[in-house]
>>> print(open('query-v9.cif').read())   # mmCIF, C-alpha atoms and all ligand atoms
data_data
loop_
_atom_site.label_atom_id
_atom_site.label_comp_id
_atom_site.auth_asym_id
_atom_site.auth_seq_id
_atom_site.Cartn_x
_atom_site.Cartn_y
_atom_site.Cartn_z
CA MET A 13 110.61 150.56 88.76
CA ASN A 14 113.55 152.36 87.26
CA ILE A 15 116.88 151.30 88.83
CA VAL A 16 119.62 153.92 88.52
CA THR A 17 123.22 153.42 89.61
CA ASP A 18 124.89 156.20 87.65
CA LEU A 19 124.56 159.62 89.29
CA ASN A 20 124.92 161.59 86.04
CA GLU A 21 122.15 159.51 84.53
CA TRP A 22 120.05 160.16 87.63
CA CYS A 23 120.58 163.93 87.33
CA GLU A 24 119.35 163.79 83.71
CA ILE A 25 116.29 161.78 84.76
CA ARG A 26 115.62 164.13 87.67
CA LYS A 27 115.59 167.19 85.37
CA LYS A 28 112.77 165.61 83.40
CA ILE A 29 110.59 164.72 86.39
CA GLN A 30 107.82 167.30 86.38
CA ALA A 31 105.81 165.82 89.25
CA LYS A 32 104.35 168.16 91.86
CA SER A 33 105.78 166.11 94.72
CA ILE A 34 108.59 163.63 95.18
CA GLY A 35 108.74 161.40 98.25
CA PHE A 36 112.16 160.01 99.16
CA VAL A 37 113.25 157.21 101.51
CA PRO A 38 116.99 156.81 102.05
CA THR A 39 118.02 153.36 103.33
CA MET A 40 121.03 151.10 103.70
CA GLY A 41 119.07 148.13 102.36
CA ASN A 42 118.27 144.71 103.82
CA LEU A 43 114.75 146.05 103.79
CA HIS A 44 112.13 145.07 106.36
CA GLN A 45 108.67 146.31 107.27
CA GLY A 46 110.20 149.34 109.08
CA HIS A 47 111.64 150.57 105.78
CA LEU A 48 108.60 149.49 103.82
CA SER A 49 106.22 151.46 106.07
CA LEU A 50 108.19 154.59 105.12
CA CYS A 51 108.10 153.60 101.43
CA GLU A 52 104.33 153.08 101.60
CA ARG A 53 103.91 156.62 102.89
CA ALA A 54 106.29 158.08 100.30
CA ILE A 55 104.25 156.35 97.59
CA SER A 56 100.80 157.28 98.86
CA GLU A 57 101.62 160.90 99.81
CA ASN A 58 103.53 161.91 96.67
CA ASP A 59 103.26 161.79 92.87
CA VAL A 60 106.66 160.14 92.48
CA SER A 61 108.55 157.91 94.93
CA VAL A 62 112.31 157.44 95.17
CA VAL A 63 114.15 154.98 97.43
CA SER A 64 117.91 154.78 97.78
CA ILE A 65 120.00 151.86 98.99
CA PHE A 66 123.47 152.95 99.96
CA VAL A 67 125.54 151.37 102.73
CA ASN A 68 127.27 154.57 103.70
CA PRO A 69 130.91 153.86 104.63
CA THR A 70 131.46 157.20 106.39
CA GLN A 71 128.86 156.57 109.08
CA PHE A 72 130.37 153.31 110.28
CA ASN A 73 132.90 153.79 113.02
CA GLN A 74 133.92 150.12 112.92
CA THR A 75 135.17 148.68 109.62
CA GLU A 76 133.98 145.23 110.69
CA ASP A 77 130.42 146.48 111.13
CA PHE A 78 130.55 147.99 107.62
CA ILE A 79 131.89 144.78 106.10
CA ASN A 80 129.34 142.59 107.93
CA TYR A 81 126.38 144.86 107.26
CA PRO A 82 123.73 142.62 105.61
CA ARG A 83 123.43 143.22 101.86
CA THR A 84 120.42 141.61 100.18
CA LEU A 85 119.99 143.64 97.01
CA GLU A 86 118.04 141.10 94.95
CA GLN A 87 115.46 140.58 97.70
CA ASP A 88 115.25 144.37 98.31
CA GLU A 89 114.61 145.05 94.63
CA LYS A 90 111.75 142.54 94.60
CA LEU A 91 110.15 144.13 97.66
CA LEU A 92 110.36 147.64 96.21
CA LEU A 93 109.05 146.43 92.87
CA SER A 94 106.05 144.84 94.61
CA LYS A 95 105.34 148.16 96.34
CA LYS A 96 105.52 149.95 92.98
CA VAL A 97 108.28 152.36 93.92
CA ASN A 98 109.12 154.53 90.89
CA TYR A 99 112.89 154.92 91.22
CA LEU A 100 115.53 152.96 93.08
CA LEU A 101 118.89 154.73 93.42
CA LEU A 102 121.94 152.55 93.97
CA PRO A 103 124.87 154.96 94.08
CA GLU A 104 128.45 153.80 94.51
CA PRO A 105 130.68 155.14 97.31
CA LYS A 106 133.31 156.37 94.83
CA ASN A 107 130.70 158.55 93.12
CA ILE A 108 129.00 159.81 96.27
CA TYR A 109 132.44 160.58 97.74
CA PHE A 110 134.21 161.75 94.57
CA ASP A 111 135.65 164.46 96.85
CA ASN A 112 137.24 161.87 99.15
CA TYR A 113 134.85 162.98 101.88
CA GLU A 114 136.76 166.25 102.13
CA VAL A 115 133.53 168.21 102.51
CA GLN A 116 131.49 167.17 105.54
CA VAL A 117 128.48 168.30 107.53
CA ASN A 118 129.53 168.91 111.13
CA GLU A 119 126.82 169.53 113.69
CA ILE A 120 128.55 170.54 116.89
CA LYS A 121 126.01 170.03 119.68
CA LEU A 122 123.24 167.46 119.43
CA SER A 123 125.49 165.11 117.45
CA LYS A 124 128.01 164.96 120.28
CA GLU A 125 125.74 163.30 122.87
CA LEU A 126 124.11 159.86 123.28
CA GLU A 127 124.81 158.01 120.00
CA GLY A 128 127.43 160.59 119.09
CA LEU A 129 129.42 159.93 122.27
CA HIS A 130 129.56 156.22 121.54
CA ARG A 131 130.00 156.42 117.77
CA PRO A 132 132.42 159.26 117.03
CA GLY A 133 132.04 160.57 113.48
CA HIS A 134 128.83 158.62 112.88
CA PHE A 135 126.54 161.62 112.63
CA ASN A 136 128.94 163.61 110.43
CA GLY A 137 128.88 160.74 107.96
CA MET A 138 125.13 160.32 108.19
CA LEU A 139 124.34 164.04 107.79
CA THR A 140 126.78 164.38 104.91
CA VAL A 141 125.26 161.52 102.93
CA ILE A 142 121.69 162.68 103.63
CA LEU A 143 122.54 166.18 102.43
CA LYS A 144 124.04 164.75 99.23
CA LEU A 145 121.04 162.45 98.65
CA LEU A 146 118.50 165.19 99.33
CA ASN A 147 120.29 167.49 96.89
CA LEU A 148 120.42 164.74 94.28
CA THR A 149 116.75 163.83 94.61
CA GLN A 150 115.41 167.33 95.33
CA ALA A 151 112.64 165.59 97.19
CA THR A 152 109.55 167.43 98.40
CA ARG A 153 109.26 165.10 101.38
CA ALA A 154 111.81 162.76 102.93
CA TYR A 155 110.84 159.98 105.33
CA PHE A 156 112.81 158.80 108.37
CA GLY A 157 111.98 156.34 111.15
CA GLU A 158 111.60 157.32 114.81
CA LYS A 159 113.67 154.25 115.62
CA ASP A 160 116.77 156.38 114.98
CA TYR A 161 115.32 159.25 116.96
CA GLN A 162 118.47 161.33 117.42
CA GLN A 163 119.20 160.93 113.71
CA LEU A 164 115.72 162.20 112.89
CA LEU A 165 116.20 165.28 115.10
CA LEU A 166 119.58 165.98 113.51
CA ILE A 167 118.21 165.72 109.98
CA LYS A 168 115.37 168.09 110.88
CA LYS A 169 117.91 170.46 112.40
CA MET A 170 120.14 170.33 109.31
CA ALA A 171 117.23 170.89 106.93
CA LYS A 172 116.20 173.95 108.93
CA ALA A 173 119.74 175.31 109.37
CA PHE A 174 120.50 175.06 105.64
CA PHE A 175 117.07 176.34 104.50
CA MET A 176 116.53 173.12 102.60
CA PRO A 177 113.28 173.00 100.63
CA VAL A 178 112.25 169.59 101.93
CA GLU A 179 109.73 168.42 104.49
CA ILE A 180 111.20 165.87 106.92
CA ILE A 181 108.55 163.35 107.91
CA ALA A 182 108.79 160.93 110.85
CA GLY A 183 107.49 157.36 110.69
CA LYS A 184 106.55 155.31 113.76
CA ILE A 185 108.75 152.44 114.94
CA VAL A 186 107.73 149.09 113.47
CA ARG A 187 108.28 146.18 115.88
CA ALA A 188 108.33 142.41 115.73
CA GLU A 189 105.57 140.57 117.60
CA ASP A 190 107.73 140.24 120.70
CA GLY A 191 108.36 144.00 120.74
CA LEU A 192 111.90 144.15 119.32
CA ALA A 193 112.22 147.06 116.87
CA LEU A 194 112.89 145.72 113.38
CA SER A 195 116.46 146.34 112.31
CA SER A 196 118.76 145.01 109.63
CA ARG A 197 121.24 144.09 112.36
CA ASN A 198 118.73 141.74 114.09
CA SER A 199 119.50 139.04 111.52
CA ARG A 200 123.04 138.86 112.88
CA LEU A 201 121.86 137.83 116.37
CA SER A 202 122.16 134.17 117.39
CA LYS A 203 118.91 132.24 117.97
CA GLU A 204 119.24 132.68 121.75
CA GLY A 205 120.29 136.29 121.31
CA ARG A 206 117.24 137.03 119.18
CA GLU A 207 114.97 135.54 121.89
CA LYS A 208 116.67 137.52 124.62
CA ALA A 209 116.64 140.75 122.57
CA ALA A 210 112.91 141.26 123.28
CA LYS A 211 113.88 142.01 126.89
CA PHE A 212 115.52 145.22 125.64
CA PRO A 213 112.34 147.16 124.66
CA ALA A 214 110.42 145.49 127.50
CA SER A 215 112.81 146.79 130.18
CA LEU A 216 112.72 150.29 128.69
CA LYS A 217 109.00 150.34 129.41
CA ASN A 218 109.05 148.45 132.71
CA TYR A 219 110.75 150.79 135.15
CA GLU A 220 110.59 154.43 136.14
CA GLU A 221 114.27 154.82 136.96
CA THR A 222 116.82 154.60 134.16
CA GLU A 223 119.31 153.13 136.68
CA LYS A 224 116.97 150.21 137.29
CA VAL A 225 116.70 149.62 133.53
CA VAL A 226 120.50 149.56 133.24
CA THR A 227 120.87 147.07 136.13
CA THR A 228 118.17 144.79 134.75
CA LEU A 229 119.65 144.80 131.25
CA GLU A 230 123.14 144.10 132.60
CA GLN A 231 121.81 141.21 134.69
CA GLU A 232 120.27 139.78 131.51
CA GLY A 233 123.67 139.91 129.80
CA PHE A 234 123.34 143.10 127.74
CA LYS A 235 126.22 145.56 127.69
CA VAL A 236 124.67 148.99 128.06
CA ASP A 237 126.01 152.06 126.20
CA TYR A 238 123.32 154.38 127.58
CA VAL A 239 119.74 154.62 128.81
CA GLU A 240 118.58 158.22 129.01
CA ASN A 241 115.28 160.10 129.20
CA LYS A 242 115.18 162.99 126.77
CA TRP A 243 112.74 164.68 124.37
CA GLY A 244 109.79 162.93 126.08
CA ARG A 245 111.36 159.59 125.24
CA ARG A 246 113.58 157.01 126.83
CA LEU A 247 116.46 156.32 124.45
CA ALA A 248 118.89 153.44 124.77
CA ALA A 249 121.66 151.53 123.08
CA VAL A 250 122.92 148.09 124.11
CA TRP A 251 125.17 145.31 122.86
CA LEU A 252 124.13 141.67 122.61
CA ASP A 253 126.11 138.93 120.83
CA GLY A 254 128.50 141.69 119.67
CA ILE A 255 125.59 143.36 117.87
CA ARG A 256 124.56 146.89 118.77
CA LEU A 257 120.83 147.54 119.19
CA ILE A 258 119.16 150.92 119.65
CA ASP A 259 115.60 151.75 120.56
CA ASN A 260 113.42 154.36 122.21
CA VAL A 261 109.97 154.51 123.77
CA VAL A 262 107.68 157.41 124.59
CA VAL A 263 107.70 158.15 128.35
CA GLU A 264 104.74 159.61 130.20
CA GLU A 265 105.76 162.95 131.67
P1 LIG A 301 118.64 152.15 107.67
O1 LIG A 301 118.50 151.29 106.46
O2 LIG A 301 118.88 151.41 108.93
O3 LIG A 301 119.57 153.32 107.45
O4 LIG A 301 117.20 152.80 107.89
C1 LIG A 301 116.57 153.57 106.88
C2 LIG A 301 115.39 154.28 107.48
O5 LIG A 301 114.47 153.32 107.99
C3 LIG A 301 115.78 155.18 108.65
O6 LIG A 301 115.03 156.38 108.57
C4 LIG A 301 115.39 154.37 109.85
O7 LIG A 301 115.06 155.15 110.98
C5 LIG A 301 114.15 153.65 109.32
N1 LIG A 301 113.89 152.45 110.10
C6 LIG A 301 114.74 151.42 110.36
N2 LIG A 301 114.16 150.50 111.16
C7 LIG A 301 112.91 150.97 111.43
C8 LIG A 301 111.82 150.48 112.21
N3 LIG A 301 111.89 149.34 112.87
N4 LIG A 301 110.69 151.23 112.25
C9 LIG A 301 110.61 152.40 111.57
N5 LIG A 301 111.59 152.90 110.82
C10 LIG A 301 112.74 152.21 110.75
#
>>> encode(input="query-v9.cif", output="structure tokens", more="lines below")
Ligand code: AMP
Amino acid sequence: MNIVTDLNEWCEIRKKIQAKSIGFVPTMGNLHQGHLSLCERAISENDVSVVSIFVNPTQFNQTEDFINYPRTLEQDEKLLLSKKVNYLLLPEPKNIYFDNYEVQVNEIKLSKELEGLHRPGHFNGMLTVILKLLNLTQATRAYFGEKDYQQLLLIKKMAKAFFMPVEIIAGKIVRAEDGLALSSRNSRLSKEGREKAAKFPASLKNYEETEKVVTTLEQEGFKVDYVENKWGRRLAAVWLDGIRLIDNVVVEE
């Protein structure tokens, strides 16, 4: 595995890659099986695989969340090495945002609801960094998890709107045995919080009415940002132990 931190060096390397297909998985690190399932697909479906780890400052709307975001680079490198990923990109914020974030991607509709309502600026930051990373990698296929469902739709929308020559591929949600969707933020839950967290996906599936889901979650001690049925799914975001969890499940129509 070739680890590249310098973007100029990466651009030189990229020019020399002659492969027919490049599969790319952008991440913020603290890798778990959710990320690795995307990496496995990128590896098996393409000639060359590229993974990036970049904790993107512009998509955090709370500085504290950015500071406390789990960073486990050594462990991540070992995991990617064991999967035989070809390139690991580790860009630095000052190089990704050499323009001081003066140029941004602004989607004006879908990014303003659900997650967007609760995390102002989040999707601008996310779309901007994904556009930069997709341009840097010039990937044939890029892989994103359905766990961040609205994010996935927005990336597909951006790729289409900007005629980007990349195929956006969705990966299924990977869950822990008790049903909680794997997430880097889960490690910040207390022991009791982690046990209770399984009630989140369970209640999304348990009731027909979203109102009933909200009441049940609140009774269990979750603070609910939203529970909404949309796109054939039930999407939700809650707080537990000061940690924000998001999830979605397919709903029968
Ligand atoms: P992150 O590191 O949180 O930015 O996530 C990087 C990619 O992994 C995103 O496309 C996420 O949607 C995806 N991902 C994160 N958790 C999961 C999961 N539990 N199952 C599937 N994909 C996931």
>>> residues_near_ligand(input="query-v9.cif", ligand="ligand LIG 301 (chain A)", cutoff="10 Å", atoms="all atoms listed in the file", output="short mmCIF file (atom, residue, chain, number, x, y, z; two decimals) with C-alpha atoms, in the coordinates of the input")
data_model
loop_
_atom_site.label_atom_id
_atom_site.label_comp_id
_atom_site.auth_asym_id
_atom_site.auth_seq_id
_atom_site.Cartn_x
_atom_site.Cartn_y
_atom_site.Cartn_z
CA VAL A 37 113.25 157.21 101.51
CA PRO A 38 116.99 156.81 102.05
CA THR A 39 118.02 153.36 103.33
CA MET A 40 121.03 151.10 103.70
CA GLY A 41 119.07 148.13 102.36
CA ASN A 42 118.27 144.71 103.82
CA LEU A 43 114.75 146.05 103.79
CA HIS A 44 112.13 145.07 106.36
CA GLN A 45 108.67 146.31 107.27
CA GLY A 46 110.20 149.34 109.08
CA HIS A 47 111.64 150.57 105.78
CA LEU A 48 108.60 149.49 103.82
CA SER A 49 106.22 151.46 106.07
CA LEU A 50 108.19 154.59 105.12
CA CYS A 51 108.10 153.60 101.43
CA VAL A 63 114.15 154.98 97.43
CA SER A 64 117.91 154.78 97.78
CA ILE A 65 120.00 151.86 98.99
CA PHE A 66 123.47 152.95 99.96
CA VAL A 67 125.54 151.37 102.73
CA ASN A 68 127.27 154.57 103.70
CA GLN A 71 128.86 156.57 109.08
CA MET A 138 125.13 160.32 108.19
CA ALA A 154 111.81 162.76 102.93
CA TYR A 155 110.84 159.98 105.33
CA PHE A 156 112.81 158.80 108.37
CA GLY A 157 111.98 156.34 111.15
CA GLU A 158 111.60 157.32 114.81
CA LYS A 159 113.67 154.25 115.62
CA ASP A 160 116.77 156.38 114.98
CA TYR A 161 115.32 159.25 116.96
CA GLN A 162 118.47 161.33 117.42
CA GLN A 163 119.20 160.93 113.71
CA LEU A 164 115.72 162.20 112.89
CA ILE A 167 118.21 165.72 109.98
CA ILE A 181 108.55 163.35 107.91
CA ALA A 182 108.79 160.93 110.85
CA GLY A 183 107.49 157.36 110.69
CA LYS A 184 106.55 155.31 113.76
CA ILE A 185 108.75 152.44 114.94
CA VAL A 186 107.73 149.09 113.47
CA ARG A 187 108.28 146.18 115.88
CA ALA A 188 108.33 142.41 115.73
CA LEU A 192 111.90 144.15 119.32
CA ALA A 193 112.22 147.06 116.87
CA LEU A 194 112.89 145.72 113.38
CA SER A 195 116.46 146.34 112.31
CA SER A 196 118.76 145.01 109.63
CA ARG A 197 121.24 144.09 112.36
CA ILE A 258 119.16 150.92 119.65
CA ASP A 259 115.60 151.75 120.56
#
>>> closest_residue(input="query-v9.cif", among="A:Ser199, A:Ala173, A:Thr228, A:Glu207", to="Pro82 of chain A", atoms="all atoms listed in the file")
A:Ser199
>>> atom_distance(input="query-v9.cif", atom1="atom CA of Glu114 of chain A", atom2="atom CA of Phe78 of chain A")
20.1 Å
>>> atom_distance(input="query-v9.cif", atom1="atom CA of Leu247 of chain A", atom2="atom CA of Leu122 of chain A")
14.0 Å
>>> residues_around(input="query-v9.cif", residues="Arg246 of chain A", least_positions_apart="6", cutoff="9 Å", atoms="all atoms listed in the file", output="number ranges by chain")
A: 216-217, 222, 239-240, 259-263
>>> closest_residue(input="query-v9.cif", among="A:Ile255, A:Glu223, A:Val178, A:Lys32", to="Thr149 of chain A", atoms="only C-alpha atoms")
A:Val178
>>> atom_distance(input="query-v9.cif", atom1="atom CA of Ile29 of chain A", atom2="atom CA of Ala54 of chain A")
16.0 Å
>>> closest_residue(input="query-v9.cif", among="A:Pro213, A:Gly254, A:Gly35, A:Pro177", to="Val60 of chain A", atoms="only C-alpha atoms")
A:Gly35
>>> residues_around(input="query-v9.cif", residues="Ser56 of chain A", least_positions_apart="3", cutoff="12 Å", atoms="all atoms listed in the file", output="list in words")
Ser33, Ile34, Gly35, Phe36, Ser49, Leu50, Cys51, Glu52, Arg53, Asp59, Val60, Ser61, Lys95, Lys96, Val97, Asn98 and Arg153 of chain A
>>> residues_around(input="query-v9.cif", residues="Gly205 of chain A", least_positions_apart="5", cutoff="12 Å", atoms="only C-alpha atoms", output="VMD selection string")
chain A and resid 192 197 to 200 210 to 212 232 to 234 251 to 257
>>> write_last_selection(input="query-v9.cif", atoms="C-alpha atoms", output="PDB file, keeping the file's coordinate frame")
ATOM      1  CA  LEU A 192     111.900 144.150 119.320  1.00  0.00           C
ATOM      2  CA  ARG A 197     121.240 144.090 112.360  1.00  0.00           C
ATOM      3  CA  ASN A 198     118.730 141.740 114.090  1.00  0.00           C
ATOM      4  CA  SER A 199     119.500 139.040 111.520  1.00  0.00           C
ATOM      5  CA  ARG A 200     123.040 138.860 112.880  1.00  0.00           C
ATOM      6  CA  ALA A 210     112.910 141.260 123.280  1.00  0.00           C
ATOM      7  CA  LYS A 211     113.880 142.010 126.890  1.00  0.00           C
ATOM      8  CA  PHE A 212     115.520 145.220 125.640  1.00  0.00           C
ATOM      9  CA  GLU A 232     120.270 139.780 131.510  1.00  0.00           C
ATOM     10  CA  GLY A 233     123.670 139.910 129.800  1.00  0.00           C
ATOM     11  CA  PHE A 234     123.340 143.100 127.740  1.00  0.00           C
ATOM     12  CA  TRP A 251     125.170 145.310 122.860  1.00  0.00           C
ATOM     13  CA  LEU A 252     124.130 141.670 122.610  1.00  0.00           C
ATOM     14  CA  ASP A 253     126.110 138.930 120.830  1.00  0.00           C
ATOM     15  CA  GLY A 254     128.500 141.690 119.670  1.00  0.00           C
ATOM     16  CA  ILE A 255     125.590 143.360 117.870  1.00  0.00           C
ATOM     17  CA  ARG A 256     124.560 146.890 118.770  1.00  0.00           C
ATOM     18  CA  LEU A 257     120.830 147.540 119.190  1.00  0.00           C
TER      19      LEU A 257
END
>>> residues_around(input="query-v9.cif", residues="Ile108 of chain A", least_positions_apart="3", cutoff="8 Å", atoms="only C-alpha atoms", output="PyMOL selection string")
chain A and resi 103-105+141+144
>>> residues_around(input="query-v9.cif", residues="Tyr238 of chain A", least_positions_apart="4", cutoff="10 Å", atoms="only C-alpha atoms", output="ChimeraX atom specification")
/A:126-127,129-130,222,226,247-250,258
>>> closest_residue(input="query-v9.cif", among="A:Ile55, A:Ile15, A:Cys23, A:Val236", to="Leu85 of chain A", atoms="all atoms listed in the file")
A:Ile15
>>> closest_residue(input="query-v9.cif", among="A:Leu93, A:Ala151, A:Leu143, A:Val115", to="Glu179 of chain A", atoms="all atoms listed in the file")
A:Ala151
>>> decode(input="query-v9.cif", residues="segment 234-254 of chain A", atoms="N, CA, C and O atoms", output="mmCIF file, in the first residue's frame")
data_model
loop_
_atom_site.group_PDB
_atom_site.id
_atom_site.type_symbol
_atom_site.label_atom_id
_atom_site.label_comp_id
_atom_site.auth_asym_id
_atom_site.auth_seq_id
_atom_site.Cartn_x
_atom_site.Cartn_y
_atom_site.Cartn_z
ATOM 1 N N PHE A 234 -33.715 9.287 24.553
ATOM 2 C CA PHE A 234 -33.069 9.871 23.374
ATOM 3 C C PHE A 234 -33.630 11.272 23.144
ATOM 4 O O PHE A 234 -34.813 11.505 23.399
ATOM 5 N N LYS A 235 -32.813 12.170 22.634
ATOM 6 C CA LYS A 235 -33.336 13.453 22.177
ATOM 7 C C LYS A 235 -33.453 13.322 20.664
ATOM 8 O O LYS A 235 -32.480 12.936 19.999
ATOM 9 N N VAL A 236 -34.652 13.587 20.151
ATOM 10 C CA VAL A 236 -34.887 13.292 18.729
ATOM 11 C C VAL A 236 -34.753 14.559 17.872
ATOM 12 O O VAL A 236 -35.418 15.555 18.127
ATOM 13 N N ASP A 237 -33.886 14.527 16.863
ATOM 14 C CA ASP A 237 -33.829 15.635 15.893
ATOM 15 C C ASP A 237 -34.934 15.472 14.856
ATOM 16 O O ASP A 237 -35.658 16.404 14.553
ATOM 17 N N TYR A 238 -35.062 14.294 14.293
ATOM 18 C CA TYR A 238 -36.166 14.024 13.352
ATOM 19 C C TYR A 238 -36.345 12.527 13.136
ATOM 20 O O TYR A 238 -35.395 11.749 13.307
ATOM 21 N N VAL A 239 -37.580 12.156 12.816
ATOM 22 C CA VAL A 239 -37.890 10.818 12.289
ATOM 23 C C VAL A 239 -38.831 11.089 11.134
ATOM 24 O O VAL A 239 -39.891 11.692 11.320
ATOM 25 N N GLU A 240 -38.448 10.721 9.936
ATOM 26 C CA GLU A 240 -39.269 11.078 8.776
ATOM 27 C C GLU A 240 -39.237 9.970 7.727
ATOM 28 O O GLU A 240 -38.175 9.392 7.480
ATOM 29 N N ASN A 241 -40.392 9.688 7.132
ATOM 30 C CA ASN A 241 -40.443 8.718 6.039
ATOM 31 C C ASN A 241 -40.246 9.444 4.715
ATOM 32 O O ASN A 241 -40.960 10.394 4.414
ATOM 33 N N LYS A 242 -39.292 8.989 3.947
ATOM 34 C CA LYS A 242 -38.985 9.641 2.680
ATOM 35 C C LYS A 242 -38.186 8.682 1.807
ATOM 36 O O LYS A 242 -37.420 7.880 2.350
ATOM 37 N N TRP A 243 -38.317 8.764 0.515
ATOM 38 C CA TRP A 243 -37.530 7.951 -0.424
ATOM 39 C C TRP A 243 -37.653 6.446 -0.126
ATOM 40 O O TRP A 243 -36.693 5.689 -0.304
ATOM 41 N N GLY A 244 -38.846 6.023 0.341
ATOM 42 C CA GLY A 244 -39.044 4.599 0.648
ATOM 43 C C GLY A 244 -38.291 4.147 1.881
ATOM 44 O O GLY A 244 -38.112 2.954 2.109
ATOM 45 N N ARG A 245 -37.839 5.114 2.660
ATOM 46 C CA ARG A 245 -37.075 4.804 3.878
ATOM 47 C C ARG A 245 -37.638 5.570 5.053
ATOM 48 O O ARG A 245 -38.376 6.541 4.880
ATOM 49 N N ARG A 246 -37.272 5.144 6.240
ATOM 50 C CA ARG A 246 -37.536 5.945 7.429
ATOM 51 C C ARG A 246 -36.175 6.416 7.921
ATOM 52 O O ARG A 246 -35.316 5.597 8.266
ATOM 53 N N LEU A 247 -35.992 7.743 7.902
ATOM 54 C CA LEU A 247 -34.689 8.315 8.270
ATOM 55 C C LEU A 247 -34.809 9.000 9.622
ATOM 56 O O LEU A 247 -35.846 9.610 9.915
ATOM 57 N N ALA A 248 -33.755 8.908 10.418
ATOM 58 C CA ALA A 248 -33.836 9.506 11.752
ATOM 59 C C ALA A 248 -32.475 9.916 12.265
ATOM 60 O O ALA A 248 -31.436 9.368 11.864
ATOM 61 N N ALA A 249 -32.515 10.916 13.156
ATOM 62 C CA ALA A 249 -31.304 11.339 13.865
ATOM 63 C C ALA A 249 -31.676 11.586 15.316
ATOM 64 O O ALA A 249 -32.712 12.200 15.600
ATOM 65 N N VAL A 250 -30.859 11.079 16.218
ATOM 66 C CA VAL A 250 -31.120 11.250 17.659
ATOM 67 C C VAL A 250 -29.822 11.566 18.391
ATOM 68 O O VAL A 250 -28.729 11.361 17.857
ATOM 69 N N TRP A 251 -29.973 12.046 19.614
ATOM 70 C CA TRP A 251 -28.827 12.288 20.494
ATOM 71 C C TRP A 251 -28.916 11.339 21.690
ATOM 72 O O TRP A 251 -29.991 11.116 22.241
ATOM 73 N N LEU A 252 -27.766 10.809 22.081
ATOM 74 C CA LEU A 252 -27.682 9.969 23.277
ATOM 75 C C LEU A 252 -26.305 10.211 23.876
ATOM 76 O O LEU A 252 -25.295 10.151 23.150
ATOM 77 N N ASP A 253 -26.258 10.478 25.169
ATOM 78 C CA ASP A 253 -24.947 10.755 25.813
ATOM 79 C C ASP A 253 -24.228 11.936 25.158
ATOM 80 O O ASP A 253 -22.997 11.953 25.104
ATOM 81 N N GLY A 254 -24.965 12.862 24.543
ATOM 82 C CA GLY A 254 -24.313 13.973 23.838
ATOM 83 C C GLY A 254 -23.703 13.564 22.507
ATOM 84 O O GLY A 254 -22.975 14.336 21.880
#
